[in-house]
Amino acid sequence: MSLTAFLELRLKPDMLDAAHAALREILADTRRFPGCEGVDVLVDRDDRAHIVVHERWASTEADATYRAWRAGEGASDLDSVLTGAPALTVLTTEYSL
């Protein structure tokens, strides 16, 4: 079953350039991860420090494997440019119209 994940981030306003550069590098690894079908970075047009990362995964297993990798050997230093903990929402497709 495919799924969609939304990762909501709040960036430190004084580190936006560094944060966006870090995201590009980190998410390039995400995009190359087996089972990843796409990654988009959505930026709040009124607040560039508010980011939502939209990920599409081929399966629940691919997403779980990725999350485990990110928590271990694939960990990044993204926390250094965040104001707080990211919020992750994972959704499955119930039906399409």
# chains A, B, ... in the order shown; residues from 1 in each chain; ligands from 1
call {"tool": "residues_around", "arguments": {"residues": "Thr60 of chain A", "least_positions_apart": "5", "cutoff": "9 Å", "atoms": "only C-alpha atoms", "output": "list in words"}}
result
Met1, Ser2, Leu3, Thr65 and Thr92 of chain A
call {"tool": "write_last_selection", "arguments": {"atoms": "C-alpha atoms", "output": "PDB file, in the first residue's frame"}}
result
ATOM      1  CA  MET A   1       0.000   0.000   0.000  1.00  0.00           C
ATOM      2  CA  SER A   2       1.450   3.380  -0.987  1.00  0.00           C
ATOM      3  CA  LEU A   3       1.542   6.249   1.442  1.00  0.00           C
ATOM      4  CA  THR A  65      12.866   1.248   6.451  1.00  0.00           C
ATOM      5  CA  THR A  92      -2.478   6.116   3.304  1.00  0.00           C
TER       6      THR A  92
END
call {"tool": "residues_around", "arguments": {"residues": "segment 14-23 of chain A", "least_positions_apart": "5", "cutoff": "12 Å", "atoms": "only C-alpha atoms", "output": "ChimeraX atom specification"}}
result
/A:7,9,28-31,39-43,47-53,76-83
call {"tool": "residues_around", "arguments": {"residues": "Thr89 of chain A", "least_positions_apart": "2", "cutoff": "10 Å", "atoms": "only C-alpha atoms", "output": "ChimeraX atom specification"}}
result
/A:4-8,54,86-87,91
call {"tool": "write_last_selection", "arguments": {"atoms": "N, CA and C atoms", "output": "PDB file, in the first residue's frame"}}
result
ATOM      1  N   THR A   4       1.682   8.581   1.835  1.00  0.00           N
ATOM      2  CA  THR A   4       2.179   9.948   1.734  1.00  0.00           C
ATOM      3  C   THR A   4       2.565  10.407   3.123  1.00  0.00           C
ATOM      4  N   ALA A   5       3.693  11.083   3.239  1.00  0.00           N
ATOM      5  CA  ALA A   5       4.133  11.625   4.527  1.00  0.00           C
ATOM      6  C   ALA A   5       4.321  13.128   4.378  1.00  0.00           C
ATOM      7  N   PHE A   6       3.886  13.840   5.394  1.00  0.00           N
ATOM      8  CA  PHE A   6       4.108  15.276   5.483  1.00  0.00           C
ATOM      9  C   PHE A   6       4.964  15.534   6.711  1.00  0.00           C
ATOM     10  N   LEU A   7       6.102  16.179   6.517  1.00  0.00           N
ATOM     11  CA  LEU A   7       7.004  16.519   7.612  1.00  0.00           C
ATOM     12  C   LEU A   7       7.002  18.035   7.739  1.00  0.00           C
ATOM     13  N   GLU A   8       6.406  18.527   8.813  1.00  0.00           N
ATOM     14  CA  GLU A   8       6.305  19.974   9.014  1.00  0.00           C
ATOM     15  C   GLU A   8       7.497  20.452   9.830  1.00  0.00           C
ATOM     16  N   HIS A  54       6.806  17.046   1.530  1.00  0.00           N
ATOM     17  CA  HIS A  54       5.792  16.103   1.046  1.00  0.00           C
ATOM     18  C   HIS A  54       6.528  14.926   0.408  1.00  0.00           C
ATOM     19  N   PRO A  86      10.326  18.361  14.513  1.00  0.00           N
ATOM     20  CA  PRO A  86       9.455  18.248  13.338  1.00  0.00           C
ATOM     21  C   PRO A  86       8.170  17.499  13.700  1.00  0.00           C
ATOM     22  N   ALA A  87       7.125  17.748  12.932  1.00  0.00           N
ATOM     23  CA  ALA A  87       5.860  17.024  13.100  1.00  0.00           C
ATOM     24  C   ALA A  87       5.648  16.165  11.863  1.00  0.00           C
ATOM     25  N   LEU A  91      -0.004   9.315   5.900  1.00  0.00           N
ATOM     26  CA  LEU A  91      -1.345   9.041   5.401  1.00  0.00           C
ATOM     27  C   LEU A  91      -1.304   7.929   4.357  1.00  0.00           C
TER      28      LEU A  91
END
call {"tool": "select_by_dssp", "arguments": {"residues": "chain A", "states": "alpha helix (DSSP H)", "output": "PyMOL selection string"}}
result
chain A and resi 16-32+60-71
call {"tool": "write_last_selection", "arguments": {"atoms": "N, CA and C atoms", "output": "PDB file, in the first residue's frame"}}
result
ATOM      1  N   LEU A  16      17.899  30.720   7.408  1.00  0.00           N
ATOM      2  CA  LEU A  16      17.125  30.210   6.272  1.00  0.00           C
ATOM      3  C   LEU A  16      17.995  29.708   5.128  1.00  0.00           C
ATOM      4  N   ASP A  17      19.015  30.457   4.753  1.00  0.00           N
ATOM      5  CA  ASP A  17      19.861  30.021   3.637  1.00  0.00           C
ATOM      6  C   ASP A  17      20.546  28.695   3.958  1.00  0.00           C
ATOM      7  N   ALA A  18      21.118  28.587   5.148  1.00  0.00           N
ATOM      8  CA  ALA A  18      21.785  27.354   5.564  1.00  0.00           C
ATOM      9  C   ALA A  18      20.782  26.203   5.663  1.00  0.00           C
ATOM     10  N   ALA A  19      19.594  26.492   6.173  1.00  0.00           N
ATOM     11  CA  ALA A  19      18.560  25.462   6.331  1.00  0.00           C
ATOM     12  C   ALA A  19      18.121  24.928   4.970  1.00  0.00           C
ATOM     13  N   HIS A  20      17.892  25.804   4.012  1.00  0.00           N
ATOM     14  CA  HIS A  20      17.453  25.355   2.692  1.00  0.00           C
ATOM     15  C   HIS A  20      18.566  24.578   1.981  1.00  0.00           C
ATOM     16  N   ALA A  21      19.813  24.985   2.178  1.00  0.00           N
ATOM     17  CA  ALA A  21      20.937  24.240   1.596  1.00  0.00           C
ATOM     18  C   ALA A  21      21.015  22.846   2.225  1.00  0.00           C
ATOM     19  N   ALA A  22      20.847  22.768   3.535  1.00  0.00           N
ATOM     20  CA  ALA A  22      20.875  21.469   4.229  1.00  0.00           C
ATOM     21  C   ALA A  22      19.729  20.589   3.754  1.00  0.00           C
ATOM     22  N   LEU A  23      18.542  21.157   3.612  1.00  0.00           N
ATOM     23  CA  LEU A  23      17.385  20.386   3.142  1.00  0.00           C
ATOM     24  C   LEU A  23      17.626  19.813   1.751  1.00  0.00           C
ATOM     25  N   ARG A  24      18.199  20.604   0.861  1.00  0.00           N
ATOM     26  CA  ARG A  24      18.477  20.108  -0.494  1.00  0.00           C
ATOM     27  C   ARG A  24      19.379  18.875  -0.445  1.00  0.00           C
ATOM     28  N   GLU A  25      20.402  18.926   0.391  1.00  0.00           N
ATOM     29  CA  GLU A  25      21.341  17.809   0.504  1.00  0.00           C
ATOM     30  C   GLU A  25      20.676  16.598   1.164  1.00  0.00           C
ATOM     31  N   ILE A  26      20.002  16.826   2.273  1.00  0.00           N
ATOM     32  CA  ILE A  26      19.355  15.746   3.017  1.00  0.00           C
ATOM     33  C   ILE A  26      18.281  15.073   2.165  1.00  0.00           C
ATOM     34  N   LEU A  27      17.470  15.871   1.501  1.00  0.00           N
ATOM     35  CA  LEU A  27      16.351  15.310   0.736  1.00  0.00           C
ATOM     36  C   LEU A  27      16.787  14.659  -0.571  1.00  0.00           C
ATOM     37  N   ALA A  28      17.971  14.990  -1.045  1.00  0.00           N
ATOM     38  CA  ALA A  28      18.509  14.268  -2.204  1.00  0.00           C
ATOM     39  C   ALA A  28      18.725  12.805  -1.817  1.00  0.00           C
ATOM     40  N   ASP A  29      19.206  12.572  -0.589  1.00  0.00           N
ATOM     41  CA  ASP A  29      19.368  11.202  -0.103  1.00  0.00           C
ATOM     42  C   ASP A  29      18.014  10.522   0.051  1.00  0.00           C
ATOM     43  N   THR A  30      17.026  11.267   0.530  1.00  0.00           N
ATOM     44  CA  THR A  30      15.673  10.724   0.672  1.00  0.00           C
ATOM     45  C   THR A  30      15.154  10.285  -0.692  1.00  0.00           C
ATOM     46  N   ARG A  31      15.305  11.137  -1.680  1.00  0.00           N
ATOM     47  CA  ARG A  31      14.787  10.850  -3.024  1.00  0.00           C
ATOM     48  C   ARG A  31      15.416   9.597  -3.613  1.00  0.00           C
ATOM     49  N   ARG A  32      16.686   9.352  -3.299  1.00  0.00           N
ATOM     50  CA  ARG A  32      17.384   8.178  -3.830  1.00  0.00           C
ATOM     51  C   ARG A  32      17.074   6.904  -3.040  1.00  0.00           C
ATOM     52  N   THR A  60       4.353   0.885   2.852  1.00  0.00           N
ATOM     53  CA  THR A  60       4.548   1.129   4.280  1.00  0.00           C
ATOM     54  C   THR A  60       5.925   0.630   4.701  1.00  0.00           C
ATOM     55  N   GLU A  61       6.339  -0.503   4.157  1.00  0.00           N
ATOM     56  CA  GLU A  61       7.637  -1.073   4.497  1.00  0.00           C
ATOM     57  C   GLU A  61       8.781  -0.164   4.054  1.00  0.00           C
ATOM     58  N   ALA A  62       8.684   0.417   2.852  1.00  0.00           N
ATOM     59  CA  ALA A  62       9.730   1.320   2.370  1.00  0.00           C
ATOM     60  C   ALA A  62       9.842   2.535   3.279  1.00  0.00           C
ATOM     61  N   ASP A  63       8.705   3.084   3.676  1.00  0.00           N
ATOM     62  CA  ASP A  63       8.704   4.237   4.580  1.00  0.00           C
ATOM     63  C   ASP A  63       9.314   3.858   5.927  1.00  0.00           C
ATOM     64  N   ALA A  64       8.929   2.708   6.470  1.00  0.00           N
ATOM     65  CA  ALA A  64       9.450   2.276   7.773  1.00  0.00           C
ATOM     66  C   ALA A  64      10.967   2.058   7.715  1.00  0.00           C
ATOM     67  N   THR A  65      11.432   1.467   6.620  1.00  0.00           N
ATOM     68  CA  THR A  65      12.866   1.248   6.451  1.00  0.00           C
ATOM     69  C   THR A  65      13.602   2.577   6.384  1.00  0.00           C
ATOM     70  N   TYR A  66      13.028   3.526   5.651  1.00  0.00           N
ATOM     71  CA  TYR A  66      13.632   4.859   5.557  1.00  0.00           C
ATOM     72  C   TYR A  66      13.685   5.534   6.929  1.00  0.00           C
ATOM     73  N   ARG A  67      12.583   5.510   7.679  1.00  0.00           N
ATOM     74  CA  ARG A  67      12.543   6.170   9.004  1.00  0.00           C
ATOM     75  C   ARG A  67      13.580   5.549   9.938  1.00  0.00           C
ATOM     76  N   ALA A  68      13.727   4.227   9.884  1.00  0.00           N
ATOM     77  CA  ALA A  68      14.733   3.559  10.713  1.00  0.00           C
ATOM     78  C   ALA A  68      16.143   3.993  10.307  1.00  0.00           C
ATOM     79  N   TRP A  69      16.381   4.109   9.008  1.00  0.00           N
ATOM     80  CA  TRP A  69      17.685   4.551   8.507  1.00  0.00           C
ATOM     81  C   TRP A  69      17.975   5.975   8.959  1.00  0.00           C
ATOM     82  N   ARG A  70      16.987   6.875   8.849  1.00  0.00           N
ATOM     83  CA  ARG A  70      17.166   8.260   9.272  1.00  0.00           C
ATOM     84  C   ARG A  70      17.432   8.369  10.776  1.00  0.00           C
ATOM     85  N   ALA A  71      16.852   7.469  11.550  1.00  0.00           N
ATOM     86  CA  ALA A  71      17.048   7.489  13.004  1.00  0.00           C
ATOM     87  C   ALA A  71      18.414   6.919  13.391  1.00  0.00           C
TER      88      ALA A  71
END
call {"tool": "atom_distance", "arguments": {"atom1": "atom CA of Cys36 of chain A", "atom2": "atom CA of Ala75 of chain A"}}
result
17.1 Å
call {"tool": "select_by_dssp", "arguments": {"residues": "chain A", "states": "strand (DSSP E or B)", "output": "ChimeraX atom specification"}}
result
/A:3-11,36-44,47-57,82,87-92
call {"tool": "atom_distance", "arguments": {"atom1": "atom CA of Phe33 of chain A", "atom2": "atom CA of Ala85 of chain A"}}
result
22.8 Å
call {"tool": "closest_residue", "arguments": {"among": "A:Leu97, A:Ala58, A:Leu88, A:Leu11", "to": "Pro34 of chain A", "atoms": "only C-alpha atoms"}}
result
A:Ala58
